[in-house]
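Text of the file model_1.cif, holding mmCIF, C-alpha atoms, pLDDT in the B column; chains and numbers go by the auth columns:
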```
data_upload
#
loop_
_atom_site.group_PDB
_atom_site.id
_atom_site.type_symbol
_atom_site.label_atom_id
_atom_site.label_comp_id
_atom_site.label_asym_id
_atom_site.label_seq_id
_atom_site.Cartn_x
_atom_site.Cartn_y
_atom_site.Cartn_z
_atom_site.B_iso_or_equiv
_atom_site.auth_seq_id
_atom_site.auth_asym_id
ATOM 1 C CA MET A 1 98.563 124.946 95.586 95.00 1 A
ATOM 2 C CA LEU A 2 95.832 122.616 94.346 95.00 2 A
ATOM 3 C CA ALA A 3 98.359 120.353 92.626 94.00 3 A
ATOM 4 C CA LEU A 4 100.533 120.376 95.741 96.00 4 A
ATOM 5 C CA TYR A 5 97.606 119.523 98.028 95.00 5 A
ATOM 6 C CA ASN A 6 96.667 116.572 95.834 94.00 6 A
ATOM 7 C CA GLU A 7 100.240 115.285 95.769 95.00 7 A
ATOM 8 C CA GLN A 8 100.575 115.782 99.521 94.00 8 A
ATOM 9 C CA GLU A 9 97.363 113.812 100.099 95.00 9 A
ATOM 10 C CA GLY A 10 98.833 110.861 98.225 92.00 10 A
ATOM 11 C CA LEU A 11 102.121 111.054 100.107 93.00 11 A
ATOM 12 C CA TYR A 12 100.434 111.148 103.511 93.00 12 A
ATOM 13 C CA ARG A 13 98.061 108.315 102.596 91.00 13 A
ATOM 14 C CA THR A 14 100.727 105.941 101.289 85.00 14 A
ATOM 15 C CA THR A 15 103.002 106.565 104.277 85.00 15 A
ATOM 16 C CA GLY A 16 100.332 105.691 106.841 84.00 16 A
ATOM 17 C CA ARG A 17 99.251 109.240 107.759 92.00 17 A
ATOM 18 C CA ALA A 18 95.615 108.919 106.700 93.00 18 A
ATOM 19 C CA ALA A 19 94.221 111.510 109.119 95.00 19 A
ATOM 20 C CA GLU A 20 96.595 114.138 107.730 96.00 20 A
ATOM 21 C CA ALA A 21 95.672 113.072 104.191 96.00 21 A
ATOM 22 C CA VAL A 22 92.002 113.727 104.973 97.00 22 A
ATOM 23 C CA LYS A 23 92.786 117.227 106.293 97.00 23 A
ATOM 24 C CA VAL A 24 94.849 118.107 103.214 97.00 24 A
ATOM 25 C CA SER A 25 92.167 116.800 100.842 96.00 25 A
ATOM 26 C CA ALA A 26 89.557 118.932 102.613 96.00 26 A
ATOM 27 C CA ARG A 27 91.737 122.009 102.010 97.00 27 A
ATOM 28 C CA ALA A 28 92.061 120.977 98.357 97.00 28 A
ATOM 29 C CA LEU A 29 88.275 120.727 97.953 97.00 29 A
ATOM 30 C CA GLU A 30 87.835 124.135 99.571 97.00 30 A
ATOM 31 C CA LEU A 31 90.368 125.559 97.136 96.00 31 A
ATOM 32 C CA VAL A 32 88.473 124.002 94.200 97.00 32 A
ATOM 33 C CA LYS A 33 85.351 125.826 95.368 96.00 33 A
ATOM 34 C CA ASN A 34 87.141 129.155 95.907 96.00 34 A
ATOM 35 C CA MET A 35 88.764 128.998 92.465 96.00 35 A
ATOM 36 C CA GLY A 36 85.432 128.452 90.729 96.00 36 A
ATOM 37 C CA LEU A 37 86.397 124.975 89.532 96.00 37 A
ATOM 38 C CA THR A 38 83.253 123.189 90.739 96.00 38 A
ATOM 39 C CA GLY A 39 82.110 120.679 88.123 95.00 39 A
ATOM 40 C CA THR A 40 85.441 120.561 86.289 95.00 40 A
ATOM 41 C CA ILE A 41 87.906 117.714 85.747 94.00 41 A
ATOM 42 C CA GLN A 42 90.052 119.200 88.542 95.00 42 A
ATOM 43 C CA HIS A 43 87.068 118.943 90.886 96.00 43 A
ATOM 44 C CA ALA A 44 86.489 115.296 89.955 96.00 44 A
ATOM 45 C CA ALA A 45 90.157 114.380 90.444 94.00 45 A
ATOM 46 C CA THR A 46 90.310 116.176 93.805 96.00 46 A
ATOM 47 C CA LEU A 47 87.125 114.422 94.939 96.00 47 A
ATOM 48 C CA GLN A 48 88.656 111.092 93.962 94.00 48 A
ATOM 49 C CA ASN A 49 91.772 111.832 96.004 95.00 49 A
ATOM 50 C CA ALA A 50 89.706 112.993 98.987 96.00 50 A
ATOM 51 C CA ALA A 51 87.622 109.833 98.817 96.00 51 A
ATOM 52 C CA THR A 52 90.752 107.674 98.742 94.00 52 A
ATOM 53 C CA ALA A 53 92.096 109.491 101.797 95.00 53 A
ATOM 54 C CA ASN A 54 88.832 109.004 103.668 95.00 54 A
ATOM 55 C CA ARG A 55 88.752 105.306 102.803 92.00 55 A
ATOM 56 C CA ALA A 56 92.290 104.925 104.164 91.00 56 A
ATOM 57 C CA ALA A 57 91.168 106.694 107.355 93.00 57 A
ATOM 58 C CA GLY A 58 88.240 104.295 107.790 91.00 58 A
ATOM 59 C CA ASN A 59 85.548 106.759 106.716 93.00 59 A
ATOM 60 C CA ALA A 60 83.948 104.355 104.243 92.00 60 A
ATOM 61 C CA GLY A 61 80.572 106.100 104.034 93.00 61 A
ATOM 62 C CA GLU A 62 82.090 109.489 103.265 94.00 62 A
ATOM 63 C CA ALA A 63 84.496 107.916 100.790 95.00 63 A
ATOM 64 C CA LEU A 64 81.749 106.109 98.889 94.00 64 A
ATOM 65 C CA GLY A 65 79.718 109.314 98.576 95.00 65 A
ATOM 66 C CA MET A 66 82.741 111.194 97.209 96.00 66 A
ATOM 67 C CA PHE A 67 83.596 108.403 94.770 95.00 67 A
ATOM 68 C CA GLU A 68 80.029 108.385 93.456 93.00 68 A
ATOM 69 C CA GLU A 69 80.051 112.181 93.091 95.00 69 A
ATOM 70 C CA ALA A 70 83.354 111.977 91.197 95.00 70 A
ATOM 71 C CA ALA A 71 81.945 109.230 88.953 92.00 71 A
ATOM 72 C CA ALA A 72 78.933 111.393 88.108 94.00 72 A
ATOM 73 C CA LEU A 73 81.248 114.297 87.252 95.00 73 A
ATOM 74 C CA TYR A 74 83.452 112.156 85.020 93.00 74 A
ATOM 75 C CA GLY A 75 80.308 110.935 83.260 91.00 75 A
ATOM 76 C CA ARG A 76 79.103 114.478 82.603 94.00 76 A
ATOM 77 C CA LEU A 77 82.563 115.413 81.350 94.00 77 A
ATOM 78 C CA GLY A 78 82.642 112.586 78.810 92.00 78 A
ATOM 79 C CA LYS A 79 85.165 110.502 80.747 90.00 79 A
ATOM 80 C CA GLU A 80 83.120 107.289 81.003 87.00 80 A
ATOM 81 C CA ASP A 81 85.843 105.288 79.221 87.00 81 A
ATOM 82 C CA SER A 82 88.869 106.857 80.901 88.00 82 A
ATOM 83 C CA TYR A 83 91.613 105.713 83.242 87.00 83 A
ATOM 84 C CA GLN A 84 90.031 107.942 85.874 88.00 84 A
ATOM 85 C CA MET A 85 86.721 106.087 85.665 90.00 85 A
ATOM 86 C CA ALA A 86 88.460 102.710 85.748 91.00 86 A
ATOM 87 C CA ALA A 87 90.350 103.794 88.873 88.00 87 A
ATOM 88 C CA LEU A 88 87.079 104.927 90.436 91.00 88 A
ATOM 89 C CA HIS A 89 85.482 101.541 89.817 93.00 89 A
ATOM 90 C CA ASN A 90 88.518 99.954 91.467 90.00 90 A
ATOM 91 C CA ASN A 91 88.298 102.324 94.443 90.00 91 A
ATOM 92 C CA ILE A 92 84.587 101.682 94.938 93.00 92 A
ATOM 93 C CA SER A 93 85.143 97.932 94.750 94.00 93 A
ATOM 94 C CA GLN A 94 87.581 98.143 97.658 90.00 94 A
ATOM 95 C CA ILE A 95 84.920 99.672 99.880 93.00 95 A
ATOM 96 C CA TYR A 96 82.593 96.780 99.082 95.00 96 A
ATOM 97 C CA GLN A 97 85.441 94.356 99.753 94.00 97 A
ATOM 98 C CA GLU A 98 85.901 95.904 103.182 90.00 98 A
ATOM 99 C CA ARG A 99 82.164 95.405 103.751 92.00 99 A
ATOM 100 C CA GLU A 100 82.592 91.768 102.619 95.00 100 A
ATOM 101 C CA ASP A 101 80.140 92.304 99.761 96.00 101 A
ATOM 102 C CA HIS A 102 82.398 90.593 97.245 97.00 102 A
ATOM 103 C CA GLU A 103 79.814 90.025 94.529 97.00 103 A
ATOM 104 C CA THR A 104 79.200 93.778 94.301 97.00 104 A
ATOM 105 C CA ALA A 105 82.948 94.395 94.447 97.00 105 A
ATOM 106 C CA LEU A 106 83.455 92.049 91.501 97.00 106 A
ATOM 107 C CA SER A 107 80.790 93.844 89.475 96.00 107 A
ATOM 108 C CA TYR A 108 82.725 97.125 89.817 95.00 108 A
ATOM 109 C CA LEU A 109 86.022 95.408 89.040 97.00 109 A
ATOM 110 C CA GLU A 110 84.577 93.901 85.880 96.00 110 A
ATOM 111 C CA LYS A 111 83.500 97.415 84.825 94.00 111 A
ATOM 112 C CA ALA A 112 87.022 98.680 85.483 94.00 112 A
ATOM 113 C CA LEU A 113 88.627 95.869 83.497 95.00 113 A
ATOM 114 C CA SER A 114 86.280 96.387 80.557 93.00 114 A
ATOM 115 C CA VAL A 115 87.347 100.057 80.424 92.00 115 A
ATOM 116 C CA VAL A 116 91.128 99.547 80.616 90.00 116 A
ATOM 117 C CA ALA A 117 90.998 96.659 78.141 86.00 117 A
ATOM 118 C CA ARG A 118 89.931 99.177 75.492 86.00 118 A
ATOM 119 C CA LEU A 119 92.673 101.701 76.286 84.00 119 A
ATOM 120 C CA ASP A 120 96.228 101.826 74.967 81.00 120 A
ATOM 121 C CA GLY A 121 98.874 101.463 77.641 81.00 121 A
ATOM 122 C CA GLY A 122 96.425 100.130 80.213 86.00 122 A
ATOM 123 C CA ALA A 123 98.582 97.208 81.393 90.00 123 A
ATOM 124 C CA ALA A 124 99.287 98.667 84.828 90.00 124 A
ATOM 125 C CA GLU A 125 95.637 99.476 85.590 90.00 125 A
ATOM 126 C CA ALA A 126 94.532 96.089 84.238 93.00 126 A
ATOM 127 C CA ALA A 127 97.023 94.296 86.499 94.00 127 A
ATOM 128 C CA THR A 128 95.822 96.229 89.559 92.00 128 A
ATOM 129 C CA THR A 129 92.239 95.363 88.685 95.00 129 A
ATOM 130 C CA ARG A 130 93.026 91.677 88.275 96.00 130 A
ATOM 131 C CA VAL A 131 94.762 91.559 91.665 96.00 131 A
ATOM 132 C CA ASN A 132 91.725 93.156 93.292 95.00 132 A
ATOM 133 C CA MET A 133 89.487 90.649 91.523 97.00 133 A
ATOM 134 C CA SER A 134 91.578 87.795 92.911 97.00 134 A
ATOM 135 C CA LEU A 135 90.979 89.025 96.479 96.00 135 A
ATOM 136 C CA SER A 136 87.190 88.905 96.102 97.00 136 A
ATOM 137 C CA LEU A 137 87.367 85.569 94.294 97.00 137 A
ATOM 138 C CA MET A 138 89.407 84.114 97.160 97.00 138 A
ATOM 139 C CA ALA A 139 86.878 85.426 99.664 96.00 139 A
ATOM 140 C CA LEU A 140 84.176 83.636 97.669 97.00 140 A
ATOM 141 C CA ASP A 141 86.310 80.433 97.628 96.00 141 A
ATOM 142 C CA ARG A 142 86.655 80.597 93.834 97.00 142 A
ATOM 143 C CA LEU A 143 90.344 79.759 93.977 97.00 143 A
ATOM 144 C CA GLU A 144 90.862 78.616 90.383 96.00 144 A
ATOM 145 C CA GLU A 145 89.460 81.893 89.080 97.00 145 A
ATOM 146 C CA ALA A 146 91.570 83.809 91.615 97.00 146 A
ATOM 147 C CA GLU A 147 94.723 82.014 90.456 97.00 147 A
ATOM 148 C CA LYS A 148 93.952 82.843 86.822 97.00 148 A
ATOM 149 C CA ARG A 149 93.616 86.536 87.650 97.00 149 A
ATOM 150 C CA ILE A 150 96.843 86.600 89.686 97.00 150 A
ATOM 151 C CA ASP A 151 98.754 84.808 86.926 97.00 151 A
ATOM 152 C CA GLU A 152 97.487 87.369 84.408 96.00 152 A
ATOM 153 C CA ALA A 153 98.517 90.241 86.698 97.00 153 A
ATOM 154 C CA MET A 154 101.972 88.768 87.324 96.00 154 A
ATOM 155 C CA GLU A 155 102.729 88.794 83.609 95.00 155 A
ATOM 156 C CA TYR A 156 102.812 92.585 83.964 95.00 156 A
ATOM 157 C CA TYR A 157 104.473 92.762 87.395 95.00 157 A
ATOM 158 C CA LYS A 158 107.395 90.610 86.244 93.00 158 A
ATOM 159 C CA SER A 159 108.116 93.089 83.437 94.00 159 A
ATOM 160 C CA GLU A 160 110.680 95.874 83.806 92.00 160 A
ATOM 161 C CA GLN A 161 107.907 98.418 84.290 93.00 161 A
ATOM 162 C CA GLY A 162 105.900 96.198 86.618 93.00 162 A
ATOM 163 C CA LEU A 163 108.793 95.530 88.983 92.00 163 A
ATOM 164 C CA LYS A 164 108.946 99.279 89.675 91.00 164 A
ATOM 165 C CA ASP A 165 105.177 99.669 90.052 93.00 165 A
ATOM 166 C CA SER A 166 104.014 100.785 93.503 91.00 166 A
ATOM 167 C CA HIS A 167 101.215 98.195 93.316 93.00 167 A
ATOM 168 C CA TYR A 168 103.661 95.292 92.976 96.00 168 A
ATOM 169 C CA PRO A 169 103.680 94.563 96.749 96.00 169 A
ATOM 170 C CA SER A 170 99.881 94.190 96.683 95.00 170 A
ATOM 171 C CA ALA A 171 100.180 91.645 93.886 97.00 171 A
ATOM 172 C CA LEU A 172 102.794 89.673 95.821 97.00 172 A
ATOM 173 C CA SER A 173 100.613 89.780 98.923 97.00 173 A
ATOM 174 C CA ALA A 174 97.597 88.485 96.989 97.00 174 A
ATOM 175 C CA ALA A 175 99.697 85.696 95.482 97.00 175 A
ATOM 176 C CA GLY A 176 100.865 84.807 98.987 97.00 176 A
ATOM 177 C CA GLU A 177 97.314 84.729 100.286 96.00 177 A
ATOM 178 C CA LEU A 178 96.296 82.404 97.463 97.00 178 A
ATOM 179 C CA ALA A 179 99.245 80.084 98.135 97.00 179 A
ATOM 180 C CA PHE A 180 98.228 79.915 101.808 96.00 180 A
ATOM 181 C CA CYS A 181 94.612 79.138 100.858 94.00 181 A
ATOM 182 C CA LYS A 182 95.911 76.257 98.729 95.00 182 A
ATOM 183 C CA GLY A 183 97.970 74.913 101.655 94.00 183 A
ATOM 184 C CA GLU A 184 101.292 75.969 100.121 96.00 184 A
ATOM 185 C CA LYS A 185 102.521 77.653 103.279 95.00 185 A
ATOM 186 C CA ARG A 186 106.230 77.947 102.497 96.00 186 A
ATOM 187 C CA GLU A 187 105.468 79.466 99.105 97.00 187 A
ATOM 188 C CA ALA A 188 103.057 81.848 100.860 97.00 188 A
ATOM 189 C CA LEU A 189 105.760 82.818 103.354 97.00 189 A
ATOM 190 C CA ALA A 190 108.277 83.582 100.600 97.00 190 A
ATOM 191 C CA LEU A 191 105.773 85.737 98.702 97.00 191 A
ATOM 192 C CA ILE A 192 104.669 87.717 101.771 97.00 192 A
ATOM 193 C CA LYS A 193 108.295 88.311 102.773 97.00 193 A
ATOM 194 C CA GLU A 194 109.010 89.584 99.262 96.00 194 A
ATOM 195 C CA ALA A 195 105.928 91.837 99.478 97.00 195 A
ATOM 196 C CA LEU A 196 107.238 93.253 102.768 96.00 196 A
ATOM 197 C CA ASN A 197 110.707 93.893 101.343 96.00 197 A
ATOM 198 C CA VAL A 198 109.333 95.662 98.269 94.00 198 A
ATOM 199 C CA THR A 199 106.958 97.734 100.425 94.00 199 A
ATOM 200 C CA LEU A 200 109.819 98.857 102.656 94.00 200 A
ATOM 201 C CA ARG A 201 111.939 99.723 99.602 92.00 201 A
ATOM 202 C CA ILE A 202 109.209 101.801 97.948 89.00 202 A
ATOM 203 C CA PHE A 203 107.332 103.337 100.898 88.00 203 A
ATOM 204 C CA GLY A 204 109.323 102.681 104.047 89.00 204 A
ATOM 205 C CA GLU A 205 107.439 101.762 107.195 89.00 205 A
ATOM 206 C CA ASN A 206 103.683 102.254 106.816 85.00 206 A
ATOM 207 C CA ALA A 207 100.385 100.573 107.670 83.00 207 A
ATOM 208 C CA ALA A 208 100.851 98.016 104.881 89.00 208 A
ATOM 209 C CA SER A 209 104.299 96.979 106.133 93.00 209 A
ATOM 210 C CA GLU A 210 102.875 96.422 109.625 93.00 210 A
ATOM 211 C CA ILE A 211 100.162 94.149 108.235 94.00 211 A
ATOM 212 C CA LEU A 212 102.635 92.225 106.081 96.00 212 A
ATOM 213 C CA ARG A 213 105.052 91.756 108.978 96.00 213 A
ATOM 214 C CA ARG A 214 102.220 90.369 111.101 96.00 214 A
ATOM 215 C CA ASN A 215 101.191 88.052 108.260 96.00 215 A
ATOM 216 C CA VAL A 216 104.758 86.733 108.079 96.00 216 A
ATOM 217 C CA GLU A 217 104.596 85.930 111.794 96.00 217 A
ATOM 218 C CA LEU A 218 101.211 84.208 111.458 95.00 218 A
ATOM 219 C CA ILE A 219 102.378 82.037 108.570 96.00 219 A
ATOM 220 C CA GLU A 220 105.580 81.086 110.409 95.00 220 A
ATOM 221 C CA GLU A 221 103.488 80.088 113.437 94.00 221 A
ATOM 222 C CA SER A 222 101.193 78.040 111.201 94.00 222 A
ATOM 223 C CA ILE A 223 104.173 76.221 109.627 94.00 223 A
ATOM 224 C CA LYS A 224 105.548 75.421 113.093 92.00 224 A
ATOM 225 C CA ARG A 225 102.229 74.001 114.232 91.00 225 A
ATOM 226 C CA THR A 226 101.998 71.833 111.125 87.00 226 A
ATOM 227 C CA GLU A 227 105.536 70.499 111.660 85.00 227 A
ATOM 228 C CA GLN A 228 104.798 69.709 115.313 83.00 228 A
ATOM 229 C CA GLU A 229 101.629 67.826 114.362 80.00 229 A
ATOM 230 C CA ASP A 230 103.587 65.762 111.833 69.00 230 A
#
```
Represent the structure contained in this file as structure tokens.
Amino acid sequence: MLALYNEQEGLYRTTGRAAEAVKVSARALELVKNMGLTGTIQHAATLQNAATANRAAGNAGEALGMFEEAAALYGRLGKEDSYQMAALHNNISQIYQEREDHETALSYLEKALSVVARLDGGAAEAATTRVNMSLSLMALDRLEEAEKRIDEAMEYYKSEQGLKDSHYPSALSAAGELAFCKGEKREALALIKEALNVTLRIFGENAASEILRRNVELIEESIKRTEQED
């Protein structure tokens, strides 16, 4: 049941049903307690999932507290240099990004990248981290650094494994945002459209697809205005 709850949380979250994901994760945490698993690796993983669900539902304060509790557990369990800890650093950075505290977000992302760089088979996690770094760098108007991080991430996402990765749409979206920031609007439009198509193929309609579809419309409107001014 615990494994099923954790999988169900992820399914609900990625298909735009964040409120249901939060409810399922709460049941999972209650089950952890009832099974006497408090303080174990299962507890830490379930906390991490619950925090991710709460972040998706807009409960940033609750999510941050759960992420920090999970990080403390991983530390006590000797998992400081694990994929789980790297993912936690990434998750925490996203909360700070949402709060527009991009310097703090970058500090967590640098921690995440330093962990996965030392692990075998960490290409996927490293690519995700680099994409997240590019978002904060763009927000800080450090576009050259952002481009470097996206280019590094795309080396993975253009591989056979990367093309199937569920984080590929996020990378395409970030690349599109960077192109728009650089004034390359048609390139931005192509990248965001590709991000939308990949999102629909992997997840179907969800909150991310709605945002991407709106971004396509905004870029098309911007291109029209530019053409009219010319």
(request) Using all atoms listed in the file, determine which residues lie at most 9 Å from segment 199-210 of chain A, disregarding the query and same-chain residues fewer than 3 positions distant; provide the list as a ChimeraX atom specification. (result) /A:14-17,164,166,168-170,194-196,213-215
(request) Please write the residues picked by the PyMOL selection byres ((chain A and resi 7) around 12) on this file as a list of chain:residue names. (result)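 Going through the file, the PyMOL selection byres ((chain A and resi 7) around 12) ends up selecting A:Met1, A:Leu2, A:Ala3, A:Leu4, A:Tyr5, A:Asn6, A:Gln8, A:Glu9, A:Gly10, A:Leu11, A:Tyr12, A:Arg13, A:Thr14, A:Ala21, A:Val24, A:Ser25, A:Ala28, A:Ala45, A:Thr46, A:Asn49, A:Ala50, A:Ala53.
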(request) Work out how far atom CA of Ala51 of chain A is from atom CA of Met66 of chain A, in Å to one decimal. (result)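 These two atoms are separated by 5.3 Å.
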(message) Ranking A:Leu77, A:Ala18, A:Leu191, A:Ala26 by minimum distance to Gly58 of chain A and counting only C-alpha atoms, which one comes first?
(response)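 Closest to Gly58 of chain A of all the choices is A:Ala18.
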(request) Quick one: pull the distance between atom CA of Ala86 of chain A and atom CA of Leu212 of chain A, Å, one decimal. (result)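 It comes out at 26.9 Å.
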(request) List every protein, DNA or RNA residue that has an atom no more than 12 Å from (79.6, 90.5, 93.6) in the file's coordinate frame, counting only C-alpha atoms, and report them as a VMD selection string. (result) chain A and resid 93 to 94 96 to 97 99 to 111 133 135 to 137 139 to 140
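Rounded to one decimal, atom CA of Ala123 of chain A and atom CA of Arg76 of chain A lie 26.1 Å from each other.
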Close residues, Leu88 of chain A itself excluded, 9 Å, only C-alpha atoms, min 2 positions apart in chain, as a PDB file with C-alpha atoms, in the coordinates of the input:
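Full text of selection_28.pdb as output:
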```pdb
ATOM      1  CA  GLN A  48      88.656 111.092  93.962  1.00 94.00           C
ATOM      2  CA  PHE A  67      83.596 108.403  94.770  1.00 95.00           C
ATOM      3  CA  GLU A  68      80.029 108.385  93.456  1.00 93.00           C
ATOM      4  CA  ALA A  70      83.354 111.977  91.197  1.00 95.00           C
ATOM      5  CA  ALA A  71      81.945 109.230  88.953  1.00 92.00           C
ATOM      6  CA  TYR A  83      91.613 105.713  83.242  1.00 87.00           C
ATOM      7  CA  GLN A  84      90.031 107.942  85.874  1.00 88.00           C
ATOM      8  CA  MET A  85      86.721 106.087  85.665  1.00 90.00           C
ATOM      9  CA  ALA A  86      88.460 102.710  85.748  1.00 91.00           C
ATOM     10  CA  ASN A  90      88.518  99.954  91.467  1.00 90.00           C
ATOM     11  CA  ASN A  91      88.298 102.324  94.443  1.00 90.00           C
ATOM     12  CA  ILE A  92      84.587 101.682  94.938  1.00 93.00           C
ATOM     13  CA  SER A  93      85.143  97.932  94.750  1.00 94.00           C
ATOM     14  CA  TYR A 108      82.725  97.125  89.817  1.00 95.00           C
ATOM     15  CA  ALA A 112      87.022  98.680  85.483  1.00 94.00           C
TER      16      ALA A 112
END
```
